[in-house]
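Contents: one structure, followed by commentary.
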2 protein chains.
Amino acid sequence: MSAPVDDVLVAFQPSGHQARVPRGLTLLDAARRVGADIDSICGGRRTCGRCFVSVVEGALHHAGVDPLAPSLSPAEDDELACAARRRPGEHGRLACAARVLGDLVVDVPANSRARRPLVRKAAGERAIALDPAVRLRAVQVAAHRLGEREGDWQRLAAALAEQWQIRPTDIALPALRGLGAALQAGAGFVTVALHHDQTVLDVRPGFSDRALGLAVDLGSTTIAAHLCDLTTGAVLASESAVNPQVAFGEDLMSRVSYVMMNPEGLTRLQQAVIEALNRLAHAAASRSGASSGDILDMVIVGNTVMHQILLGIDPTALGAAPFTLASHAPLDVRAAELGLRLHPAAMVYCPALEAGHVGSDNVAVLLAERPDQADALTLVIDVGTNAEIVLGDRAGLHSCSSPTGPAFEGAQITHGQRAAPGAIERVRIDRVSGVARVRLIGDDDWLAADAPATASGICGSGIIEVVAELLLTGIIQPDGRFAAADWLRQRFGAASAHWLREHAGRPAYCLLGAAQTAAGHDIIVTQDDVRNVQLAKGALYAGCRVLLRQRGATRVERIVLAGAFGSYIDPLYAMALGLIPDCDPAQVRAAGNAAGDGARIMLLDRASRALAATLARQARYCETAIDPAFQEEFVAALHLPHATDAFPHLAAHDMLPTVIHAPRERRARRQREGL
Amino acid sequence: MSAPVDDVLVAFQPSGHQARVPRGLTLLDAARRVGADIDSICGGRRTCGRCFVSVVEGALHHAGVDPLAPSLSPAEDDELACAARRRPGEHGRLACAARVLGDLVVDVPANSRARRPLVRKAAGERAIALDPAVRLRAVQVAAHRLGEREGDWQRLAAALAEQWQIRPTDIALPALRGLGAALQAGAGFVTVALHHDQTVLDVRPGFSDRALGLAVDLGSTTIAAHLCDLTTGAVLASESAVNPQVAFGEDLMSRVSYVMMNPEGLTRLQQAVIEALNRLAHAAASRSGASSGDILDMVIVGNTVMHQILLGIDPTALGAAPFTLASHAPLDVRAAELGLRLHPAAMVYCPALEAGHVGSDNVAVLLAERPDQADALTLVIDVGTNAEIVLGDRAGLHSCSSPTGPAFEGAQITHGQRAAPGAIERVRIDRVSGVARVRLIGDDDWLAADAPATASGICGSGIIEVVAELLLTGIIQPDGRFAAADWLRQRFGAASAHWLREHAGRPAYCLLGAAQTAAGHDIIVTQDDVRNVQLAKGALYAGCRVLLRQRGATRVERIVLAGAFGSYIDPLYAMALGLIPDCDPAQVRAAGNAAGDGARIMLLDRASRALAATLARQARYCETAIDPAFQEEFVAALHLPHATDAFPHLAAHDMLPTVIHAPRERRARRQREGL
């Protein structure tokens with residue numbers, strides 16, 4: 001049976017869609033007719049350059065077809081101009097311009113698909129589909145003729161239905177206010193920003209492909225914001241800042257107390273974080289040559305207290321059992337209602353929470369790392385002032401939030417600071433002299449004795465290493481106490497004068513002398529600093545242990561360390577100090593800011609929002625604040641280090657010196673003696 | 001076949017629902033089971049007193065039933081207490097308390113039905129169904145138990161689904177913020193305000209039946225607001241005020257010009273009206289012992305320019321053909337987004353518009369008067385600065401908005417004022433002496449010569465009468481000009497000194513001497529005043545004529561005069577002056593503020609909102625601003641009076657003196673002479 005002479009066969013790769021279509025149809029129309037996915041913002045006006053495709057030559061040259069006849073119409077001037085502008089150096093055709101004249105096979109590259117995979121740089125492997133909640137669509141709106149009663153909005157909606165098969169139900173008031181002027185300035189040709197294809201958020205004259213989104217990880221101590229181009233998925237800028245709420249209390253419970261004790265407390269805390277977000281949005285937008293007003297969508301993840309304060313909801317009920325959330329469901333809020341100065345119709349998405357103490361940051365970690373798809377039992381740890389911990393594999397998920405406190409972020413440490421150039425991130429202490437060598441963030445090598453005075457403080461990974469090294473050198477004991485000054489002087493001799501200090505009546509350790517610090521004073525580690533690290537590591541380890549107990553497992557196969565901290569930490573030191581359970585070091589991976597990545601995924605792929613809500617429901621959570629198992633594990637985990645025989649990988653490592661056993665023996669003796 | 005012994009037969013009047021139900025069920029549960037409509041806010045907690053019913057004694061006492069056995073359980077203390085509190089002196093039973101023990105017939109009075117008819121006082125006949133968009137529902141919410149992850153909102157939604165079969169999809173942020181505290185204060189028992197059963201707007205501890213709504217007729221010159229109890233439909237207070245936008249321009253087009261000429265013009269006009277609405281809401285609420293914060297819903301009707309300025313939408317495109325609306329669709333907006341200080345989650349409904357110059361006030365008139373259901377061809381005129389005119393019957397509707405200007409509202413008249421106590425509303429001029437008698441609003445009789453000086457100005461109906469009387473007395477001529485002063489002195493002799501004045505070089509008429517006015521100066525009618533009345537009446541009459549032409553009719557059978565003006569105007573004078581087409585005076589009726597009534601209907605009966613939108617689509621509209629027929633009719637209608645032979649009813653009335661013919665003859669002569 002021969003096909004009608006005016007039909008041609010068009011096939012699209014790699015999707016495999018194919019059908020006979022009328023000769024003369026554009027490739028874009030042909031793709032829509034057969035259901036193949038080709039992106040377009042301008043709606044086929046040879047403007048946006050999203051629909052570039054290439055023709056697989058001769059693939060369909062079969063018997064009866066003239067192999068010399070062209071299968072596509074030649075490129076015209078506007079197509080060539082668009083090609084030069086949008087994809088210089090690339091070969092291909094605009095699907096909206098090229099008309100099919102003969103049978104052919106078309107290759108649709110990933111960049112030309114509406115739903116296209118974005119490679120996550122941090123994880124290095126996961127793909128994010130680009131299908132954001134806010135999308136741009138260019139349309140030609142019919143002019144209003146006298147005697148027609150349809151308003152501008154009705155004619156815009158009709159154009160979207162006809163040209164895009166999109167039927168929005170609603171238009172935001174700011175967009176309605178700007179609609180008439182945009183239609184006039186664009187002579188009816190406008191670009192529309194749509195939220196879930198339902199609500200028009202913005203209308204601009206002419207063609208535009210500027211639509212920005214902001215993904216935010218709202219931590220108790222640190223706020224990280226990533227500005228994304230919603231039309232390409234690219235991260236344009238990342239900014240972070242200290243959460244100004246720290247002025248009202250370092251940890252979550254002190255902020256909850258502040259709200260309880262002060263009538264204006266909630267308003268103050270909310271205003272503080274809203275203003276910080278406004279500053280971050282402004283900074284990120286400025287850095288990429290845009291304005292906060294270009295930001296149309298925002299995803300904010302955070303723990304449950306941060307989530308409720310952000311929304312102006314009293315977090316008091318989260319401060320005591322039964323830890324009642326106002327709502328665990330995802331929330332779409334207007335940015336303006338929160339006082340956020342973005343686009344006047346911008347939306348803010350606050351993803352689902354898991355439970356009273358397990359927030360949307362944990363859900364974001366689940367989404368970024370997808371342990372539910374892992375074959376190996378995986379532990380994901382996102383360390384902040386609260387550590388978000390997830391344990392799971394295909395068989396199920398367990399999660400909790402553990403109150404580590406801000407020590408690992410460099411806070412509540414005498415000379416602690418956030419991870420930034422100038423911070424001490426690596427520490428080695430000579431076992432004989434007790435003298436330290438340090439390495440600063442941004443430097444390639446250990447700090448020379450005559451190096452300029454640039455060191456400014458100790459960041460989280462430096463804190464871990466110095467405490468581990470102090471322990472390994474015997475300067476502190478497994479219970480965290482500094483050895484007596486006399487004993488130290490006796491053991492390390494004259495060298496001890498280099499580093500032995502006194503602070504609040506107790507020995508302290510000088511990591512770097514005043515001559516080598518930017519501030520011009522010694523950088524020291526005090527007894528309180530060690531205590532804070534003990535509390536933090538105890539909470540983190542206990543959280544991991546509780547999830548292992550819930551799962552009924554004794555050890556994990558993979559560990560993913562997320563967060564800025566996870567990127568800098570040396571897993572061996574983390575294991576030496578008993579922060580994390582023992583694991584093959586080859587199976588410990590840094591994943592960057594997993595919570596922020598999860599927020600970014602929800603910003604760029606709207607389907608992931610529902611998936612996140614589902615994962616939040618699936619994960620079995622542990623309320624560490626009242627779980628007796630957690631308390632038990634926490635107390636057991638305060639000592640340094642955790643029993644080394646539980647760490648076969650660590651024990652095999654040559655870094656572990658024998659000195660570590662002496663204090664353990666002493667502790668065992670003291671326990672026998674009832675001390 | 002005998003019924004199971006534990007079933008009883010319950011029948012509800014007047015709906016006729018009946019069924020056998022288990023013995024011991026409450027009447028409320030029985031009603032729900034059989035589908036009979038009984039109101040309840042408290043959900044059967046013997047609190048709200050909405051579900052009072054009476055038992056029709058003995059109606060089912062048939063063979064085999066013991067006529068002495070009680071058919072209902074006896075009233076207990078809480079029922080008696082509720083009865084005494086809510087319906088003192090009324091007999092009946094609480095349906096939620098009384099349990100059925102035997103067969104019976106129950107009468108459900110109108111007040112106890114959820115959808116109950118409200119009699120519209122002004123029209124005296126139309127019933128409004130009470131089924132508002134915002135309703136209250138009391139629920140008992142389960143306490144949060146440790147280990148459950150559901151938030152407060154999820155447990156509230158579950159309670160609403162279980163106890164009310166209502167499945168809200170959304171909770172407003174202000175309500176979510178107050179949810180936890182309300183649940184705590186009410187020990188889980190709370191009253192919820194729901195918008196269309198979809199969005200929770202408010203949650204309060206315990207039982208509450210306080211839900212207010214505000215219906216507003218936003219006129220160019222006057223804003224009228226009616227505060228309604230959404231649970232009873234009662235009008236609690238009515239307030240009106242001058243639209244402060246008059247400071248920026250008396251008529252619509254001058255306000256549009258103001259917006260065009262001033263960069264801040266739109267914002268200023270919007271702020272002015274928003275602040276006026278805030279003041280009216282506050283005043284109306286205070287007057288009824290409530291607060292603006294109790295107002296949960298608002299309906300605002302107005303012409304298209306008022307509508308767009310209210311929403312902050314530039315009205316410039318309404319100032320010139322093709323008169324483009326931003327949107328003709330109804331709009332639900334958050335009050336807070338407009339700057340209205342009502343309940344923080346209050347909604348504002350702006351009903352559908354008809355077309356560029358025919359606004360939601362006209363739609364409200366359609367809804368209030370329903371000319372589409374009339375057998376007789378009915379003309380509905382709502383006079384304001386723009387007259388909303390509707391002509392129709394079952395065969396179809398025609399509508400227009402006519403730019404009468406504010407003269408009929410007492411503005412642009414030298415001593416004009418709004419209809420209020422002290423305003424001159426009735427005028428009779430002695431045909432021989434030319435001296436006037438007047439009657440003031442609030443007085444029962446004509447003003448005595450020695451009456452205290454309380455007169456403050458002339459209101460719309462006074463303006464009509466004085467101009468008609470001046471015409472009938474021959475003091476002004478059919479073209480509206482005052483007769484020459486010399487001629488007047490000659491004709492009225494010495495008496496003319498009482499009333500003949502000069503203003504801006506032309507004769508003027510003194511209606512009331514300074515001694516009898518509150519301001520202590522003469523109340524006069526100037527040549528410009530007469531001109532303004534001519535322009536107003538010409539526009540009004542031309543609007544009516546254009547609709548008659550569109551309909552292909554020559555005369556109307558009924559006239560409904562709406563608005564405050566319509567309540568005071570003497571239809572004979574309106575016909576004498578040629579404001580309205582001729583009609584049997586017995587068929588002319590005042591309907592009060594029809595636009596305001598329409599707004600109130602939409603506030604109280606949510607189904608009427610969709611009906612209004614449908615009527616708006618059905619009405620054929622006329623753009624008077626560019627209709628050549630309107631211009632033609634307008635020019636023809638400027639003369640006073642309109643040809644009396646077109647007014648058979650008026651000609652038959654003894655009020656019409658012969659003097660009216662003299663000027664007509666003179667005019668005819670001048671026309672013959674080419675003057």
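Going by the structure tokens order, chains are called A, B, ..., each with residues numbered from 1, while ligands are numbered from 1 in the order shown.
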| Residues within 8 Å of segment 326-339 of chain A, only C-alpha atoms, excluding chain neighbours under 5 positions, as an MDAnalysis selection string | (chainID A and resid 274 308 310:311 313 344:355 613) or (chainID B and resid 149:154 176:177 179:180)
| task | Looking only at strand (DSSP E or B) from DSSP on the backbone, list the matching residues of segment 341-521 of chain A as a ChimeraX atom specification. | result | /A:347-350,355,358,378-382,387-393,396-402,416,423-429,436-440,455,457-458,476,482,500-503,506-512,517
| task | Identify, on the basis of only C-alpha atoms, every residue whose closest approach to segment 221-234 of chain B does not exceed 7 Å; exclude the query and any residue fewer than 2 positions from it along the same chain; express the result as an MDAnalysis selection string. | result | chainID B and resid 118 130 132 209 211:219 236:243 246 280 284 385 406 604
| task | With a distance cut-off of 10 Å and only C-alpha atoms, select the neighbouring residues of Phe408 of chain A, excluding the residue or stretch itself and same-chain residues fewer than 4 positions from it, and output the selection as a ChimeraX atom specification. | result | /A:383-387,404,412-413,416-419,459-464,532-533,536-537,565-566,569
Take the residues just selected and output them with N, CA, C and O atoms as a CSV table (one decimal), in the first residue's frame.
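Ended up saving to out.csv:
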```csv
chain,number,residue,atom,x,y,z
A,383,VAL,N,25.6,17.7,57.5
A,383,VAL,CA,25.9,18.3,58.8
A,383,VAL,C,25.7,19.8,58.8
A,383,VAL,O,26.2,20.5,58.0
A,384,GLY,N,24.9,20.2,59.7
A,384,GLY,CA,24.7,21.7,60.0
A,384,GLY,C,24.6,21.8,61.5
A,384,GLY,O,25.1,21.0,62.2
A,385,THR,N,23.9,22.8,62.0
A,385,THR,CA,23.7,22.9,63.4
A,385,THR,C,22.8,21.8,63.9
A,385,THR,O,22.8,21.4,65.0
A,386,ASN,N,21.9,21.3,62.9
A,386,ASN,CA,21.3,20.0,63.1
A,386,ASN,C,21.8,19.2,62.0
A,386,ASN,O,21.9,19.6,60.8
A,387,ALA,N,22.1,17.9,62.3
A,387,ALA,CA,22.5,17.0,61.2
A,387,ALA,C,21.3,16.3,60.7
A,387,ALA,O,20.5,15.8,61.5
A,404,THR,N,23.3,18.5,66.6
A,404,THR,CA,24.7,18.5,66.8
A,404,THR,C,25.2,19.9,67.3
A,404,THR,O,26.3,19.9,67.9
A,412,GLN,N,30.5,28.4,68.3
A,412,GLN,CA,30.7,27.9,69.7
A,412,GLN,C,32.0,27.3,69.9
A,412,GLN,O,32.2,26.4,70.7
A,413,ILE,N,33.0,27.7,69.1
A,413,ILE,CA,34.4,27.3,69.2
A,413,ILE,C,35.2,28.6,69.4
A,413,ILE,O,35.0,29.5,68.6
A,416,GLY,N,36.7,29.5,66.3
A,416,GLY,CA,36.1,28.8,65.2
A,416,GLY,C,35.6,29.9,64.1
A,416,GLY,O,35.4,31.0,64.5
A,417,GLN,N,35.4,29.4,62.9
A,417,GLN,CA,34.9,30.3,61.9
A,417,GLN,C,34.3,29.4,60.8
A,417,GLN,O,34.5,28.2,60.8
A,418,ARG,N,33.5,30.0,59.9
A,418,ARG,CA,33.0,29.3,58.8
A,418,ARG,C,34.1,28.9,57.8
A,418,ARG,O,35.1,29.5,57.7
A,419,ALA,N,33.9,27.8,57.0
A,419,ALA,CA,34.8,27.4,56.0
A,419,ALA,C,35.0,28.5,55.0
A,419,ALA,O,34.1,28.8,54.2
A,459,CYS,N,38.0,26.2,60.9
A,459,CYS,CA,36.7,25.8,60.4
A,459,CYS,C,36.4,24.4,60.9
A,459,CYS,O,37.2,23.7,61.6
A,460,GLY,N,35.3,23.9,60.5
A,460,GLY,CA,34.7,22.6,61.0
A,460,GLY,C,35.7,21.5,60.9
A,460,GLY,O,35.9,20.7,61.8
A,461,SER,N,36.3,21.3,59.7
A,461,SER,CA,37.1,20.2,59.5
A,461,SER,C,38.4,20.3,60.3
A,461,SER,O,39.0,19.3,60.8
A,462,GLY,N,38.9,21.5,60.5
A,462,GLY,CA,40.0,21.8,61.3
A,462,GLY,C,39.8,21.4,62.7
A,462,GLY,O,40.6,20.8,63.4
A,463,ILE,N,38.6,21.7,63.2
A,463,ILE,CA,38.2,21.4,64.6
A,463,ILE,C,38.3,19.9,64.8
A,463,ILE,O,38.8,19.3,65.8
A,464,ILE,N,37.7,19.1,63.8
A,464,ILE,CA,37.7,17.7,63.9
A,464,ILE,C,39.2,17.2,64.0
A,464,ILE,O,39.5,16.4,64.9
A,532,ASN,N,32.5,21.0,73.3
A,532,ASN,CA,31.5,21.2,72.3
A,532,ASN,C,31.6,20.2,71.1
A,532,ASN,O,30.6,19.8,70.5
A,533,VAL,N,32.9,19.9,70.8
A,533,VAL,CA,33.1,18.9,69.7
A,533,VAL,C,32.6,17.6,70.2
A,533,VAL,O,31.9,16.8,69.4
A,536,ALA,N,28.8,17.5,69.9
A,536,ALA,CA,28.4,17.5,68.5
A,536,ALA,C,28.6,16.1,67.9
A,536,ALA,O,27.7,15.6,67.3
A,537,LYS,N,29.8,15.6,68.1
A,537,LYS,CA,30.1,14.3,67.5
A,537,LYS,C,29.2,13.2,68.2
A,537,LYS,O,28.8,12.3,67.6
A,565,PHE,N,30.7,21.1,55.2
A,565,PHE,CA,31.5,20.4,56.1
A,565,PHE,C,31.9,19.0,55.5
A,565,PHE,O,33.1,18.7,55.6
A,566,GLY,N,30.9,18.4,54.9
A,566,GLY,CA,31.2,17.1,54.3
A,566,GLY,C,32.2,17.1,53.2
A,566,GLY,O,32.9,16.1,52.9
A,569,ILE,N,35.8,17.6,55.2
A,569,ILE,CA,36.2,16.7,56.3
A,569,ILE,C,37.0,15.5,55.7
A,569,ILE,O,36.8,15.0,54.6
```
| query | Hey, what's within 7 Å of segment 106-109 of chain A if we count only C-alpha atoms and toss same-chain stuff fewer than 2 positions away? As JSON, numbers by chain, please? | reply | {"A": [11, 12, 13, 14, 53, 54, 55, 56, 104, 111, 112, 113]}
Writer output for current selection, all heavy atoms, as a PDB file, in the first residue's frame:
```
ATOM      1  N   ALA A  11      10.722  10.634  11.483  1.00  0.00           N
ATOM      2  CA  ALA A  11      11.013   9.891  12.718  1.00  0.00           C
ATOM      3  C   ALA A  11      11.946  10.738  13.571  1.00  0.00           C
ATOM      4  O   ALA A  11      12.831  11.432  13.058  1.00  0.00           O
ATOM      5  CB  ALA A  11      11.667   8.554  12.383  1.00  0.00           C
ATOM      6  N   PHE A  12      11.722  10.713  14.888  1.00  0.00           N
ATOM      7  CA  PHE A  12      12.548  11.500  15.803  1.00  0.00           C
ATOM      8  C   PHE A  12      13.385  10.578  16.675  1.00  0.00           C
ATOM      9  O   PHE A  12      12.873   9.611  17.245  1.00  0.00           O
ATOM     10  CB  PHE A  12      11.653  12.383  16.683  1.00  0.00           C
ATOM     11  CG  PHE A  12      10.929  13.454  15.898  1.00  0.00           C
ATOM     12  CD1 PHE A  12       9.662  13.217  15.387  1.00  0.00           C
ATOM     13  CD2 PHE A  12      11.538  14.671  15.653  1.00  0.00           C
ATOM     14  CE1 PHE A  12       8.999  14.190  14.646  1.00  0.00           C
ATOM     15  CE2 PHE A  12      10.878  15.648  14.909  1.00  0.00           C
ATOM     16  CZ  PHE A  12       9.607  15.402  14.407  1.00  0.00           C
ATOM     17  N   GLN A  13      14.670  10.876  16.751  1.00  0.00           N
ATOM     18  CA  GLN A  13      15.588  10.173  17.643  1.00  0.00           C
ATOM     19  C   GLN A  13      15.899  11.075  18.834  1.00  0.00           C
ATOM     20  O   GLN A  13      15.928  12.300  18.675  1.00  0.00           O
ATOM     21  CB  GLN A  13      16.905   9.870  16.913  1.00  0.00           C
ATOM     22  CG  GLN A  13      16.785   8.779  15.892  1.00  0.00           C
ATOM     23  CD  GLN A  13      18.124   8.521  15.223  1.00  0.00           C
ATOM     24  OE1 GLN A  13      19.065   9.311  15.358  1.00  0.00           O
ATOM     25  NE2 GLN A  13      18.209   7.431  14.467  1.00  0.00           N
ATOM     26  N   PRO A  14      16.197  10.597  19.999  1.00  0.00           N
ATOM     27  CA  PRO A  14      16.230   9.164  20.358  1.00  0.00           C
ATOM     28  C   PRO A  14      14.871   8.648  20.846  1.00  0.00           C
ATOM     29  O   PRO A  14      14.780   7.494  21.223  1.00  0.00           O
ATOM     30  CB  PRO A  14      17.240   9.145  21.508  1.00  0.00           C
ATOM     31  CG  PRO A  14      17.054  10.472  22.172  1.00  0.00           C
ATOM     32  CD  PRO A  14      16.661  11.441  21.097  1.00  0.00           C
ATOM     33  N   VAL A  53      17.637  21.073  15.862  1.00  0.00           N
ATOM     34  CA  VAL A  53      17.712  19.622  15.666  1.00  0.00           C
ATOM     35  C   VAL A  53      18.675  19.361  14.505  1.00  0.00           C
ATOM     36  O   VAL A  53      19.005  20.270  13.747  1.00  0.00           O
ATOM     37  CB  VAL A  53      16.323  19.031  15.323  1.00  0.00           C
ATOM     38  CG1 VAL A  53      15.370  19.202  16.499  1.00  0.00           C
ATOM     39  CG2 VAL A  53      15.741  19.674  14.083  1.00  0.00           C
ATOM     40  N   SER A  54      19.106  18.116  14.389  1.00  0.00           N
ATOM     41  CA  SER A  54      19.933  17.802  13.221  1.00  0.00           C
ATOM     42  C   SER A  54      19.307  16.642  12.464  1.00  0.00           C
ATOM     43  O   SER A  54      18.598  15.810  13.036  1.00  0.00           O
ATOM     44  CB  SER A  54      21.364  17.481  13.653  1.00  0.00           C
ATOM     45  OG  SER A  54      21.355  16.476  14.628  1.00  0.00           O
ATOM     46  N   VAL A  55      19.547  16.628  11.183  1.00  0.00           N
ATOM     47  CA  VAL A  55      18.952  15.615  10.317  1.00  0.00           C
ATOM     48  C   VAL A  55      19.947  14.478  10.141  1.00  0.00           C
ATOM     49  O   VAL A  55      21.129  14.712   9.896  1.00  0.00           O
ATOM     50  CB  VAL A  55      18.581  16.232   8.963  1.00  0.00           C
ATOM     51  CG1 VAL A  55      18.074  15.155   8.024  1.00  0.00           C
ATOM     52  CG2 VAL A  55      17.568  17.329   9.165  1.00  0.00           C
ATOM     53  N   VAL A  56      19.453  13.263  10.370  1.00  0.00           N
ATOM     54  CA  VAL A  56      20.297  12.088  10.146  1.00  0.00           C
ATOM     55  C   VAL A  56      20.236  11.777   8.653  1.00  0.00           C
ATOM     56  O   VAL A  56      19.229  11.308   8.153  1.00  0.00           O
ATOM     57  CB  VAL A  56      19.799  10.903  10.994  1.00  0.00           C
ATOM     58  CG1 VAL A  56      20.711   9.704  10.803  1.00  0.00           C
ATOM     59  CG2 VAL A  56      19.714  11.303  12.462  1.00  0.00           C
ATOM     60  N   LEU A 104      12.442  11.590   6.464  1.00  0.00           N
ATOM     61  CA  LEU A 104      13.719  11.831   7.138  1.00  0.00           C
ATOM     62  C   LEU A 104      13.697  11.411   8.607  1.00  0.00           C
ATOM     63  O   LEU A 104      12.631  11.199   9.182  1.00  0.00           O
ATOM     64  CB  LEU A 104      14.156  13.294   7.025  1.00  0.00           C
ATOM     65  CG  LEU A 104      13.533  14.334   7.958  1.00  0.00           C
ATOM     66  CD1 LEU A 104      14.333  15.634   7.860  1.00  0.00           C
ATOM     67  CD2 LEU A 104      12.085  14.582   7.620  1.00  0.00           C
ATOM     68  N   ASN A 111      19.690  19.123  24.659  1.00  0.00           N
ATOM     69  CA  ASN A 111      19.467  20.541  24.928  1.00  0.00           C
ATOM     70  C   ASN A 111      18.224  21.090  24.272  1.00  0.00           C
ATOM     71  O   ASN A 111      17.777  22.185  24.605  1.00  0.00           O
ATOM     72  CB  ASN A 111      20.673  21.354  24.436  1.00  0.00           C
ATOM     73  CG  ASN A 111      21.742  21.403  25.495  1.00  0.00           C
ATOM     74  OD1 ASN A 111      21.470  21.104  26.651  1.00  0.00           O
ATOM     75  ND2 ASN A 111      22.952  21.764  25.092  1.00  0.00           N
ATOM     76  N   SER A 112      17.702  20.373  23.305  1.00  0.00           N
ATOM     77  CA  SER A 112      16.527  20.865  22.594  1.00  0.00           C
ATOM     78  C   SER A 112      15.246  20.223  23.093  1.00  0.00           C
ATOM     79  O   SER A 112      14.183  20.430  22.521  1.00  0.00           O
ATOM     80  CB  SER A 112      16.673  20.626  21.087  1.00  0.00           C
ATOM     81  OG  SER A 112      17.768  21.372  20.594  1.00  0.00           O
ATOM     82  N   ARG A 113      15.365  19.432  24.141  1.00  0.00           N
ATOM     83  CA  ARG A 113      14.155  18.825  24.679  1.00  0.00           C
ATOM     84  C   ARG A 113      13.628  19.660  25.849  1.00  0.00           C
ATOM     85  O   ARG A 113      14.413  20.216  26.616  1.00  0.00           O
ATOM     86  CB  ARG A 113      14.442  17.403  25.178  1.00  0.00           C
ATOM     87  CG  ARG A 113      14.583  16.417  24.048  1.00  0.00           C
ATOM     88  CD  ARG A 113      15.017  15.056  24.560  1.00  0.00           C
ATOM     89  NE  ARG A 113      16.149  14.571  23.784  1.00  0.00           N
ATOM     90  CZ  ARG A 113      17.129  13.793  24.246  1.00  0.00           C
ATOM     91  NH1 ARG A 113      17.116  13.395  25.493  1.00  0.00           N
ATOM     92  NH2 ARG A 113      18.101  13.413  23.456  1.00  0.00           N
TER      93      ARG A 113
END
```
| task | Enumerate, as a count of residues only, the complete set of residues in segment 413-657 of chain B that a backbone-based DSSP assignment places in alpha helix (DSSP H). | result | 99
| task | For segment 27-31 of chain B, please output as a list in words all residues within 9 Å (counting only C-alpha atoms; exclusion window: fewer than 5 positions along the same chain). | result | Val10, Ala11, Phe12, His17, Gln18, Ala19, Arg20, Val21, Pro22, Ala36, Asp37, Ile38, Asp39, Ser40, Gly44, Cys51, Val53, Leu72, Leu94, Ala95, Cys96, Ala97, Ala98, Arg99, Val100 and Val106 of chain B
| request: Within 12 Å of Gly480 of chain A, counting only C-alpha atoms, which residues show up once you throw out same-chain ones fewer than 2 positions away? Write them as a PyMOL selection string, please. | output: chain A and resi 467-468+470-472+474-478+482-483+526-535+537-538+577+637-642+663-664+667
Once you have the residues from the selection above, write them out as a JSON list (two decimals), in the first residue's frame, restricted to C-alpha atoms.
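What landed in out_23.json:
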```
[["chain", "number", "residue", "atom", "x", "y", "z"],
["A", 467, "VAL", "CA", 40.70, 17.31, 68.49],
["A", 468, "ALA", "CA", 41.53, 13.95, 66.90],
["A", 470, "LEU", "CA", 45.20, 16.08, 70.41],
["A", 471, "LEU", "CA", 43.69, 12.77, 71.36],
["A", 472, "LEU", "CA", 46.14, 10.76, 69.31],
["A", 474, "GLY", "CA", 47.73, 12.12, 74.32],
["A", 475, "ILE", "CA", 47.25, 15.82, 75.08],
["A", 476, "ILE", "CA", 43.60, 15.17, 75.75],
["A", 477, "GLN", "CA", 42.16, 12.04, 77.21],
["A", 478, "PRO", "CA", 39.35, 9.82, 75.95],
["A", 482, "PHE", "CA", 43.08, 17.93, 78.86],
["A", 483, "ALA", "CA", 45.80, 16.03, 80.61],
["A", 526, "THR", "CA", 40.14, 25.27, 74.92],
["A", 527, "GLN", "CA", 38.60, 22.67, 77.14],
["A", 528, "ASP", "CA", 35.16, 24.07, 76.27],
["A", 529, "ASP", "CA", 35.94, 23.73, 72.57],
["A", 530, "VAL", "CA", 36.74, 20.07, 73.05],
["A", 531, "ARG", "CA", 33.53, 19.64, 75.08],
["A", 532, "ASN", "CA", 31.48, 21.22, 72.27],
["A", 533, "VAL", "CA", 33.08, 18.93, 69.72],
["A", 534, "GLN", "CA", 32.31, 15.98, 71.98],
["A", 535, "LEU", "CA", 28.65, 16.99, 72.25],
["A", 537, "LYS", "CA", 30.07, 14.29, 67.54],
["A", 538, "GLY", "CA", 28.10, 12.42, 70.19],
["A", 577, "LEU", "CA", 36.86, 10.86, 66.40],
["A", 637, "ALA", "CA", 29.22, 8.37, 72.13],
["A", 638, "LEU", "CA", 30.58, 11.27, 74.17],
["A", 639, "HIS", "CA", 33.92, 9.59, 74.80],
["A", 640, "LEU", "CA", 36.86, 9.95, 72.44],
["A", 641, "PRO", "CA", 37.41, 7.90, 70.41],
["A", 642, "HIS", "CA", 34.71, 5.40, 70.03],
["A", 663, "PRO", "CA", 44.41, 6.64, 77.70],
["A", 664, "ARG", "CA", 41.90, 3.88, 76.92],
["A", 667, "ARG", "CA", 39.95, 4.92, 81.42]]
```
